[in-house]
>>> print(open('protein00.cif').read())   # mmCIF, C-alpha atoms
data_my_file
loop_
_atom_site.label_atom_id
_atom_site.label_comp_id
_atom_site.auth_asym_id
_atom_site.auth_seq_id
_atom_site.Cartn_x
_atom_site.Cartn_y
_atom_site.Cartn_z
CA MET A 1 78.25 102.36 102.67
CA THR A 2 74.96 102.86 104.52
CA LYS A 3 72.26 104.35 102.30
CA THR A 4 70.70 107.70 103.11
CA TYR A 5 66.91 108.03 102.75
CA ASN A 6 65.13 111.34 102.20
CA ILE A 7 62.12 111.84 104.45
CA ALA A 8 59.09 114.01 103.86
CA MET A 9 57.21 114.46 107.13
CA ILE A 10 53.62 115.62 106.74
CA GLY A 11 52.62 117.41 109.93
CA GLY A 12 54.59 119.50 112.40
CA GLY A 13 52.80 119.05 115.74
CA PHE A 14 53.97 117.30 118.89
CA MET A 15 54.07 113.89 117.17
CA GLY A 16 56.27 115.46 114.51
CA LYS A 17 58.67 116.42 117.29
CA ALA A 18 58.81 112.79 118.45
CA HIS A 19 59.47 111.48 114.94
CA ALA A 20 62.07 114.14 114.15
CA ALA A 21 63.94 113.38 117.38
CA ALA A 22 63.99 109.69 116.44
CA TYR A 23 65.38 110.43 112.98
CA ALA A 24 68.18 112.49 114.49
CA ALA A 25 69.05 110.00 117.23
CA MET A 26 68.51 106.58 115.66
CA PRO A 27 72.02 106.19 114.15
CA MET A 28 73.52 107.29 117.49
CA PHE A 29 71.74 104.45 119.29
CA PHE A 30 71.89 101.74 116.62
CA TRP A 31 75.20 101.76 114.81
CA PRO A 32 75.83 100.78 112.14
CA ALA A 33 72.37 102.02 111.29
CA PRO A 34 70.30 100.14 108.70
CA GLY A 35 69.84 103.46 106.93
CA ILE A 36 70.59 107.13 107.54
CA PRO A 37 67.47 109.30 107.89
CA HIS A 38 67.77 112.62 106.11
CA ARG A 39 65.14 115.13 107.19
CA LYS A 40 64.43 116.53 103.74
CA VAL A 41 61.05 118.30 103.77
CA LEU A 42 58.57 119.23 106.48
CA VAL A 43 55.04 119.96 105.30
CA ASP A 44 52.51 121.87 107.39
CA LEU A 45 49.27 123.78 106.93
CA ASN A 46 50.74 127.22 106.24
CA ALA A 47 54.09 128.70 105.32
CA ALA A 48 54.80 130.12 108.77
CA SER A 49 54.19 126.88 110.66
CA ALA A 50 56.06 124.86 108.02
CA GLU A 51 59.11 127.10 108.27
CA GLU A 52 59.01 127.06 112.05
CA GLY A 53 58.81 123.27 111.97
CA ARG A 54 61.66 123.07 109.46
CA GLN A 55 63.94 125.04 111.75
CA ARG A 56 62.81 123.42 114.97
CA PHE A 57 62.93 119.82 113.74
CA GLY A 58 66.00 120.10 111.56
CA PHE A 59 64.56 119.63 108.08
CA GLU A 60 66.19 120.96 104.94
CA GLU A 61 63.06 122.37 103.30
CA ALA A 62 59.57 123.56 104.24
CA SER A 63 56.40 123.24 102.18
CA THR A 64 52.63 123.55 102.38
CA ASP A 65 51.90 121.27 99.39
CA TRP A 66 52.06 117.64 100.45
CA ARG A 67 50.85 116.41 97.06
CA ALA A 68 53.77 118.00 95.24
CA ILE A 69 56.24 116.72 97.84
CA VAL A 70 54.91 113.15 97.76
CA ALA A 71 55.30 113.11 93.96
CA ARG A 72 58.95 114.22 94.04
CA PRO A 73 61.42 111.57 92.86
CA ASP A 74 63.98 112.48 95.51
CA ILE A 75 61.64 111.55 98.39
CA ASP A 76 62.07 107.98 99.63
CA ILE A 77 59.88 107.93 102.74
CA VAL A 78 56.63 109.68 103.63
CA ASP A 79 55.92 110.08 107.34
CA ILE A 80 52.28 110.88 108.14
CA VAL A 81 51.78 112.68 111.47
CA THR A 82 48.58 114.56 110.63
CA PRO A 83 45.09 114.30 112.15
CA ASN A 84 43.28 111.08 111.31
CA ASP A 85 41.05 112.46 108.55
CA SER A 86 43.97 112.92 106.15
CA HIS A 87 45.80 109.62 106.72
CA ALA A 88 44.07 107.74 103.93
CA GLU A 89 44.43 110.40 101.23
CA ILE A 90 48.11 110.98 101.92
CA ALA A 91 49.02 107.31 102.30
CA ILE A 92 47.24 106.24 99.12
CA ALA A 93 48.94 109.01 97.12
CA ALA A 94 52.31 108.16 98.63
CA ALA A 95 51.90 104.47 97.82
CA LYS A 96 50.97 105.26 94.22
CA ALA A 97 54.14 107.36 94.03
CA GLY A 98 56.17 104.37 95.22
CA LYS A 99 57.14 105.81 98.61
CA HIS A 100 57.69 103.82 101.78
CA ILE A 101 55.27 104.96 104.47
CA ILE A 102 55.12 105.24 108.23
CA CYS A 103 51.78 106.49 109.54
CA GLU A 104 50.75 107.47 113.04
CA LYS A 105 48.00 105.54 114.75
CA PRO A 106 45.16 104.92 114.44
CA LEU A 107 45.70 104.02 110.82
CA ALA A 108 42.35 105.47 109.76
CA ARG A 109 38.95 106.64 110.93
CA THR A 110 37.08 103.64 109.55
CA VAL A 111 37.60 100.08 108.39
CA GLU A 112 36.91 101.16 104.82
CA GLU A 113 39.63 103.81 104.90
CA ALA A 114 42.08 101.37 106.47
CA LYS A 115 41.33 98.76 103.81
CA ALA A 116 41.87 101.27 101.01
CA MET A 117 45.24 102.20 102.52
CA LEU A 118 46.23 98.55 102.89
CA ASP A 119 45.20 97.78 99.30
CA ALA A 120 47.27 100.75 98.06
CA VAL A 121 50.51 99.80 99.81
CA GLN A 122 50.18 96.15 98.85
CA ALA A 123 49.54 97.04 95.21
CA ALA A 124 52.58 99.34 95.21
CA ASN A 125 54.78 96.80 97.05
CA VAL A 126 56.20 99.46 99.37
CA ILE A 127 57.23 99.15 103.02
CA HIS A 128 54.54 100.30 105.43
CA MET A 129 54.34 100.71 109.21
CA VAL A 130 51.71 101.99 111.65
CA ALA A 131 53.28 103.71 114.65
CA PHE A 132 52.14 101.73 117.68
CA ASN A 133 55.41 102.53 119.41
CA TYR A 134 54.51 101.34 122.91
CA ARG A 135 55.06 97.72 121.92
CA ARG A 136 58.71 98.67 121.41
CA THR A 137 59.20 99.45 125.07
CA PRO A 138 61.88 96.92 126.09
CA ALA A 139 59.78 95.60 128.99
CA VAL A 140 56.86 94.93 126.63
CA ALA A 141 59.11 93.11 124.16
CA LEU A 142 60.50 91.14 127.10
CA ALA A 143 56.96 90.14 128.10
CA ARG A 144 56.43 88.79 124.60
CA LYS A 145 59.73 86.88 124.82
CA TYR A 146 58.64 85.23 128.08
CA ILE A 147 55.27 84.34 126.54
CA GLU A 148 56.84 82.86 123.41
CA GLU A 149 59.23 80.84 125.57
CA GLY A 150 56.26 79.37 127.44
CA ARG A 151 57.35 80.88 130.76
CA ILE A 152 53.76 81.62 131.83
CA GLY A 153 52.23 78.72 129.93
CA ARG A 154 48.88 78.89 128.18
CA ILE A 155 47.42 82.39 128.43
CA LEU A 156 44.15 82.48 130.34
CA ASN A 157 43.32 86.17 130.45
CA PHE A 158 44.44 89.70 129.58
CA ARG A 159 43.52 92.89 131.40
CA GLY A 160 44.55 96.13 129.71
CA THR A 161 44.01 99.78 130.57
CA TYR A 162 44.93 103.16 129.17
CA LEU A 163 43.90 105.91 131.55
CA GLN A 164 44.69 109.62 131.12
CA ASP A 165 43.32 112.84 132.58
CA TRP A 166 44.19 115.49 130.01
CA SER A 167 40.55 115.91 128.94
CA ALA A 168 38.87 115.52 132.32
CA ASP A 169 38.33 119.29 132.66
CA PRO A 170 35.17 120.33 130.77
CA ASN A 171 36.79 123.68 129.97
CA GLY A 172 39.65 122.11 128.05
CA PRO A 173 39.55 123.18 124.38
CA LEU A 174 37.77 121.35 121.57
CA SER A 175 40.74 119.54 120.03
CA TRP A 176 40.16 117.70 116.76
CA ARG A 177 40.31 114.55 118.90
CA PHE A 178 36.76 115.35 120.07
CA SER A 179 35.34 115.51 116.53
CA LYS A 180 34.13 112.28 114.94
CA ASN A 181 34.52 113.72 111.44
CA ILE A 182 38.26 114.19 112.01
CA ALA A 183 39.19 111.59 114.63
CA GLY A 184 36.75 108.80 113.77
CA SER A 185 36.24 108.00 117.46
CA GLY A 186 37.39 109.26 120.83
CA ALA A 187 39.08 107.19 123.52
CA VAL A 188 38.55 104.07 121.41
CA GLY A 189 40.74 105.18 118.51
CA ASP A 190 43.04 107.60 120.30
CA ILE A 191 44.26 105.41 123.17
CA GLY A 192 42.16 102.24 123.19
CA THR A 193 43.84 101.07 120.01
CA HIS A 194 47.18 101.06 121.84
CA VAL A 195 45.73 98.49 124.27
CA VAL A 196 44.31 96.52 121.34
CA ASP A 197 47.76 96.47 119.78
CA MET A 198 49.26 95.22 123.06
CA ALA A 199 46.60 92.51 123.28
CA ARG A 200 47.23 91.31 119.74
CA TYR A 201 51.02 91.50 120.14
CA LEU A 202 51.05 89.52 123.38
CA VAL A 203 47.97 87.28 123.35
CA GLY A 204 46.59 86.89 119.83
CA GLU A 205 43.67 87.85 117.65
CA VAL A 206 40.43 89.15 119.16
CA ALA A 207 37.35 87.24 118.04
CA SER A 208 34.51 89.22 119.64
CA VAL A 209 33.79 92.05 122.06
CA ASN A 210 31.07 93.32 124.38
CA ALA A 211 31.51 97.02 125.06
CA MET A 212 30.19 100.16 126.71
CA THR A 213 31.15 103.73 125.83
CA GLN A 214 30.37 107.01 127.56
CA THR A 215 30.62 110.68 126.62
CA TYR A 216 30.81 112.70 129.82
CA ILE A 217 31.50 116.19 128.47
CA LYS A 218 29.11 117.16 125.70
CA THR A 219 30.59 120.53 124.72
CA ARG A 220 34.00 122.21 124.91
CA PRO A 221 35.35 125.72 124.25
CA LEU A 222 36.26 126.37 120.64
CA GLN A 223 39.98 126.80 120.04
CA ALA A 224 41.45 130.14 119.07
CA GLY A 225 43.99 130.03 116.26
CA GLY A 226 45.02 127.17 114.01
CA VAL A 227 47.26 125.22 116.39
CA ASP A 228 45.59 122.18 117.91
CA LYS A 229 45.72 122.09 121.70
CA LEU A 230 45.15 119.12 123.96
CA GLY A 231 42.58 119.43 126.70
CA ALA A 232 45.18 120.02 129.40
CA SER A 233 46.11 123.46 128.07
CA ASP A 234 44.47 126.86 127.73
CA LYS A 235 41.31 126.11 129.69
CA SER A 236 38.51 128.61 129.33
CA GLY A 237 35.00 128.65 130.72
CA ASN A 238 33.95 131.62 128.59
CA GLY A 239 33.20 132.03 124.91
CA PRO A 240 31.51 129.82 122.35
CA ARG A 241 31.55 126.06 122.73
CA GLY A 242 31.39 123.23 120.22
CA VAL A 243 29.80 119.79 120.37
CA VAL A 244 31.78 116.70 121.39
CA ASP A 245 30.51 113.75 119.35
CA VAL A 246 32.98 111.00 120.29
CA ASP A 247 33.43 108.73 123.30
CA ASP A 248 35.28 109.83 126.43
CA GLU A 249 35.57 106.31 127.83
CA VAL A 250 35.33 102.72 126.66
CA LEU A 251 35.10 99.49 128.63
CA THR A 252 34.94 96.17 126.83
CA MET A 253 35.22 92.47 127.42
CA MET A 254 37.10 90.48 124.80
CA ARG A 255 37.21 86.89 123.61
CA PHE A 256 40.39 85.82 121.86
CA GLU A 257 40.54 83.27 119.07
CA ASN A 258 42.88 81.09 121.13
CA GLY A 259 40.35 80.77 123.96
CA ALA A 260 41.73 83.44 126.29
CA ILE A 261 39.41 86.10 127.64
CA GLY A 262 40.15 89.70 128.48
CA SER A 263 39.09 93.25 129.19
CA LEU A 264 40.06 96.71 127.99
CA GLU A 265 39.38 100.07 129.59
CA ALA A 266 40.43 103.40 128.11
CA THR A 267 39.54 106.92 129.20
CA ARG A 268 40.94 110.43 128.98
CA ASN A 269 38.85 111.54 131.99
CA ALA A 270 40.64 109.77 134.87
CA TYR A 271 41.98 112.47 137.19
CA GLY A 272 45.38 111.51 138.56
CA ARG A 273 46.27 109.18 135.70
CA ASN A 274 48.81 110.64 133.30
CA ASN A 275 49.80 107.89 130.90
CA TYR A 276 48.57 104.80 132.71
CA LEU A 277 48.97 102.19 129.99
CA THR A 278 49.00 98.80 131.72
CA PHE A 279 48.47 95.13 131.11
CA GLU A 280 48.28 92.09 133.34
CA ILE A 281 48.40 88.66 131.75
CA HIS A 282 47.75 85.41 133.58
CA GLY A 283 48.79 82.03 132.26
CA ASP A 284 48.55 78.55 133.72
CA LYS A 285 52.24 78.74 134.69
CA GLY A 286 52.64 82.37 135.78
CA SER A 287 51.74 86.03 135.35
CA ILE A 288 53.15 89.23 133.86
CA LEU A 289 52.34 92.81 134.85
CA PHE A 290 53.42 96.05 133.14
CA ASN A 291 52.75 99.74 133.81
CA TYR A 292 54.09 102.22 131.25
CA GLU A 293 54.51 104.90 133.93
CA ARG A 294 57.21 102.57 135.30
CA ARG A 295 58.41 101.55 131.87
CA ASP A 296 61.81 100.17 132.89
CA GLU A 297 60.14 97.51 135.01
CA LEU A 298 58.37 94.25 134.26
CA GLN A 299 56.65 92.39 137.08
CA VAL A 300 56.75 88.61 136.68
CA MET A 301 55.68 85.60 138.69
CA PHE A 302 56.44 82.04 137.61
CA ALA A 303 54.49 79.16 139.11
CA ASP A 304 57.57 76.92 139.28
CA ASP A 305 59.32 79.28 141.70
CA PRO A 306 60.03 77.67 145.08
CA SER A 307 57.26 78.16 147.61
CA ASP A 308 59.37 80.49 149.73
CA ALA A 309 59.92 82.82 146.76
CA ARG A 310 56.36 83.03 145.44
CA GLY A 311 55.11 86.45 144.36
CA PHE A 312 55.82 89.09 141.77
CA ARG A 313 59.46 90.03 141.20
CA THR A 314 60.72 93.11 139.36
CA VAL A 315 62.91 92.80 136.29
CA TYR A 316 64.67 96.05 135.40
CA THR A 317 65.29 96.13 131.67
CA GLY A 318 68.77 96.75 130.34
CA PRO A 319 71.48 95.33 128.06
CA ALA A 320 70.34 91.70 128.46
CA HIS A 321 66.85 92.45 127.21
CA PRO A 322 65.24 93.38 123.86
CA TYR A 323 66.87 96.42 122.20
CA GLY A 324 69.39 96.50 125.06
CA ASP A 325 72.37 96.54 122.73
CA GLY A 326 71.28 99.89 121.29
CA LEU A 327 70.04 101.71 124.37
CA TRP A 328 71.75 102.18 127.74
CA PRO A 329 74.55 100.06 129.28
CA ILE A 330 73.08 99.73 132.79
CA PRO A 331 69.63 98.37 133.72
CA GLY A 332 67.22 100.97 135.07
CA LEU A 333 68.97 104.04 133.67
CA GLY A 334 65.65 105.05 132.19
CA ILE A 335 63.74 104.53 128.95
CA GLY A 336 61.55 107.40 127.78
CA TYR A 337 58.92 107.98 125.12
CA THR A 338 61.64 109.14 122.72
CA GLU A 339 63.51 105.85 123.02
CA THR A 340 60.43 103.92 121.94
CA LYS A 341 60.29 106.14 118.87
CA ILE A 342 64.01 105.62 118.23
CA VAL A 343 63.52 101.84 118.30
CA GLU A 344 60.48 102.19 116.04
CA CYS A 345 62.56 104.27 113.61
CA HIS A 346 65.32 101.64 113.62
CA ASP A 347 62.89 98.83 112.87
CA PHE A 348 61.24 100.82 110.10
CA PHE A 349 64.56 101.65 108.42
CA LYS A 350 65.68 98.04 108.78
CA ALA A 351 62.51 97.02 106.93
CA VAL A 352 63.15 99.58 104.20
CA ALA A 353 66.76 98.41 103.82
CA THR A 354 65.92 94.70 103.73
CA GLY A 355 62.59 94.83 101.92
CA VAL A 356 60.93 92.78 104.69
CA GLN A 357 57.69 94.24 106.03
CA PRO A 358 57.89 95.42 109.66
CA SER A 359 55.36 94.86 112.40
CA PRO A 360 53.00 96.47 113.09
CA ASN A 361 52.22 97.36 109.49
CA PHE A 362 49.08 98.37 107.64
CA VAL A 363 47.72 94.83 107.99
CA ASP A 364 47.87 95.28 111.76
CA GLY A 365 46.41 98.76 111.46
CA TYR A 366 43.49 97.37 109.44
CA ILE A 367 42.82 94.56 111.93
CA THR A 368 42.97 97.02 114.82
CA GLU A 369 40.43 99.20 113.05
CA CYS A 370 38.18 96.15 112.63
CA ILE A 371 38.35 95.58 116.38
CA ALA A 372 37.62 99.26 117.08
CA GLU A 373 34.62 99.05 114.75
CA ALA A 374 33.31 96.02 116.64
CA ILE A 375 33.76 97.81 119.98
CA LEU A 376 31.78 100.84 118.80
CA LYS A 377 29.07 98.66 117.27
CA SER A 378 28.77 96.60 120.45
CA ALA A 379 28.47 99.76 122.52
CA GLU A 380 25.55 100.85 120.34
CA THR A 381 23.71 97.52 120.46
CA GLY A 382 24.69 96.24 123.89
CA ASN A 383 25.46 92.84 122.36
CA TRP A 384 28.49 90.66 121.82
CA THR A 385 29.86 91.59 118.40
CA GLU A 386 32.12 89.54 116.16
CA VAL A 387 35.22 91.26 114.79
CA ARG A 388 35.11 91.60 111.03
CA LYS A 389 37.49 89.20 109.26
#
>>> encode(input="protein00.cif", output="C-alpha cells")
Amino acid sequence: MTKTYNIAMIGGGFMGKAHAAAYAAMPMFFWPAPGIPHRKVLVDLNAASAEEGRQRFGFEEASTDWRAIVARPDIDIVDIVTPNDSHAEIAIAAAKAGKHIICEKPLARTVEEAKAMLDAVQAANVIHMVAFNYRRTPAVALARKYIEEGRIGRILNFRGTYLQDWSADPNGPLSWRFSKNIAGSGAVGDIGTHVVDMARYLVGEVASVNAMTQTYIKTRPLQAGGVDKLGASDKSGNGPRGVVDVDDEVLTMMRFENGAIGSLEATRNAYGRNNYLTFEIHGDKGSILFNYERRDELQVMFADDPSDARGFRTVYTGPAHPYGDGLWPIPGLGIGYTETKIVECHDFFKAVATGVQPSPNFVDGYITECIAEAILKSAETGNWTEVRK
C-alpha cells in the first residue's frame, strides 16, 4: 500500500497555491504514486490568513506557529514557501526535527545561509529539494536528453535569458522582492538563478563570471496591508515611498569548467516580456533553442541533417518525451506552470519514498548561491570573478 505523508506548508501566498495544486494533482497524473501527499497543516503569518489558506488550499489544519508545527511527530514533510529571509531558520529547524524538506528558490539570501542549510540537512540525513521547477518542463528535460546522447556534440556556448515586465512601472508597490534584507538580491536571485540552474543542468558547472547590474527604479510606493503584492498590481503614484536596494537587471558573461562560454541576462523591467525564460545552446554538431512562453516546443538543428533539410525544426513534446507517461496523451495539448510543479512533486515524493536524494537539492541550491554571489561581486568590481568552490 502506498504510504501517505503529512505535509506542513509554511506560507500561503501564490507559490503556496502552486504547491498545494501539485499535492492534490500528483497522484492523478502519476499513478501509482510514489507517495500520497496529505495536506495536513498550513502555516501563515496570522490566524485569518492561515485559515483562509487552509480552506482555499485544502489543508486539514491552520496555524501561525511554524516552530510548533515543525516539531510535531506527525509531520513528515516541511514545505517552505516563505520570503527568502526565513528559509534558513525554518529549514535548519525542520532538519533538526528529522523532516524531509522542499524549499522554494533561491535557497537562501547568502552563501553562508545556504551552507548552514546544507550542513543541517546532511547532518540529519533527510531528503531535501530546492524548487527550480522549470527544469522539469518536458522540453527542457528533452534538451538534456539530446545533450547527453551527444546529438549536438561538444557544447560551445550557452545563451540564457529571463525577461519579465511586472516591475517595469515605477509606481508598482514595494514588494519584499525589492528589499535586500529580505530577498538578498533582486533580479539575480529572483529570476537569474533559474537561468543559472538551466545552465548547470544542461551545460555544467560555472567557473567564473563577469557581470553588470543596474537598479533603474530607486523608490516604490509602500504597500498597504500585510499581503505582499507584485509590481504589476495596485499601482499608485501617491503616498509614501520606500527605497529599492536590489538590482533590477543583471547581464553576465560566464565561463564553464568544461570550456564552454555563455551569457545570462535577467530583468523584471522588460516591457512586453511576461515570462521570457529562454536558452540557446550551440554544439559542434547542432543547436537547441527553448522559450518557456512556448513551453511545449523545443527547437533543434542537427548538423548531420541532409543539406536540403538544414535549419531549426520544432519538436512538440508529448508521450514519447520525458514525463510523457504521466502527463497528456497527445503532443502539444499544453503543459502549464502547474504541470511543472506536479512533476516536481512526483520527483520529490519518489526521493522521499526511495531515500535517494533528488535533483536539484540543497547542494545545487548552495552552488547556485555561490554563482549568484560571484555575479554580484563582479558587478561591484567590474572584474572577472571566480565562483567559490
>>> resolve_selection(input="protein00.cif", expression="the PyMOL selection byres ((chain A and resi 216) around 9)", output="PDB file with C-alpha atoms, in the coordinates of the input")
ATOM      1  CA  ALA A 168      38.870 115.520 132.320  1.00  0.00           C
ATOM      2  CA  PRO A 170      35.170 120.330 130.770  1.00  0.00           C
ATOM      3  CA  GLN A 214      30.370 107.010 127.560  1.00  0.00           C
ATOM      4  CA  THR A 215      30.620 110.680 126.620  1.00  0.00           C
ATOM      5  CA  ILE A 217      31.500 116.190 128.470  1.00  0.00           C
ATOM      6  CA  LYS A 218      29.110 117.160 125.700  1.00  0.00           C
ATOM      7  CA  ASP A 247      33.430 108.730 123.300  1.00  0.00           C
ATOM      8  CA  ASP A 248      35.280 109.830 126.430  1.00  0.00           C
ATOM      9  CA  GLU A 249      35.570 106.310 127.830  1.00  0.00           C
ATOM     10  CA  ASN A 269      38.850 111.540 131.990  1.00  0.00           C
TER      11      ASN A 269
END
>>> residues_near_point(input="protein00.cif", point="(65.8, 107.0, 130.2)", cutoff="12 Å", atoms="only C-alpha atoms", output="PyMOL selection string")
chain A and resi 137-138+294-296+317-318+327-340
>>> atom_distance(input="protein00.cif", atom1="CA of Ala95 (chain A)", atom2="CA of Met1 (chain A)")
26.9 Å
>>> closest_residue(input="protein00.cif", among="A:Gly311, A:Gln357, A:Asp245, A:Thr213", to="Thr381 (chain A)", atoms="all atoms listed in the file")
A:Thr213
>>> resolve_selection(input="protein00.cif", expression="the PyMOL selection byres ((chain A and resi 100-117) around 7)", output="ChimeraX atom specification")
/A:76-81,84-85,87-88,91-92,98-99,118-121,126-132,183-184,189-190,193,365-366,369-370
>>> residues_around(input="protein00.cif", residues="Arg39 (chain A)", least_positions_apart="4", cutoff="10 Å", atoms="only C-alpha atoms", output="PyMOL selection string")
chain A and resi 5-9+20+23-24+54+57-61+77
>>> residues_near_point(input="protein00.cif", point="(73.7, 99.5, 109.8)", cutoff="12 Å", atoms="all atoms listed in the file", output="PyMOL selection string")
chain A and resi 1-4+26-37+326+346-347+349-354
>>> atom_distance(input="protein00.cif", atom1="CA of Thr278 (chain A)", atom2="CA of Thr368 (chain A)")
18.0 Å
>>> residues_around(input="protein00.cif", residues="Tyr201 (chain A)", least_positions_apart="4", cutoff="9 Å", atoms="all atoms listed in the file", output="PyMOL selection string")
chain A and resi 135+144+196-197+205+360
>>> decode(input="protein00.cif", residues="region 353-365 of chain A", atoms="C-alpha atoms", output="PDB file, in the first residue's frame")
ATOM      1  CA  ALA A 353       9.958   7.005  -0.747  1.00  0.00           C
ATOM      2  CA  THR A 354      13.275   5.620  -2.013  1.00  0.00           C
ATOM      3  CA  GLY A 355      15.676   7.527   0.217  1.00  0.00           C
ATOM      4  CA  VAL A 356      17.653   8.724  -2.825  1.00  0.00           C
ATOM      5  CA  GLN A 357      18.330  12.457  -2.923  1.00  0.00           C
ATOM      6  CA  PRO A 358      16.552  14.298  -5.761  1.00  0.00           C
ATOM      7  CA  SER A 359      17.980  16.937  -8.040  1.00  0.00           C
ATOM      8  CA  PRO A 360      18.131  19.846  -7.636  1.00  0.00           C
ATOM      9  CA  ASN A 361      18.730  19.564  -3.902  1.00  0.00           C
ATOM     10  CA  PHE A 362      20.373  21.782  -1.316  1.00  0.00           C
ATOM     11  CA  VAL A 363      23.790  21.049  -2.826  1.00  0.00           C
ATOM     12  CA  ASP A 364      22.550  22.586  -6.074  1.00  0.00           C
ATOM     13  CA  GLY A 365      20.949  25.447  -4.166  1.00  0.00           C
TER      14      GLY A 365
END
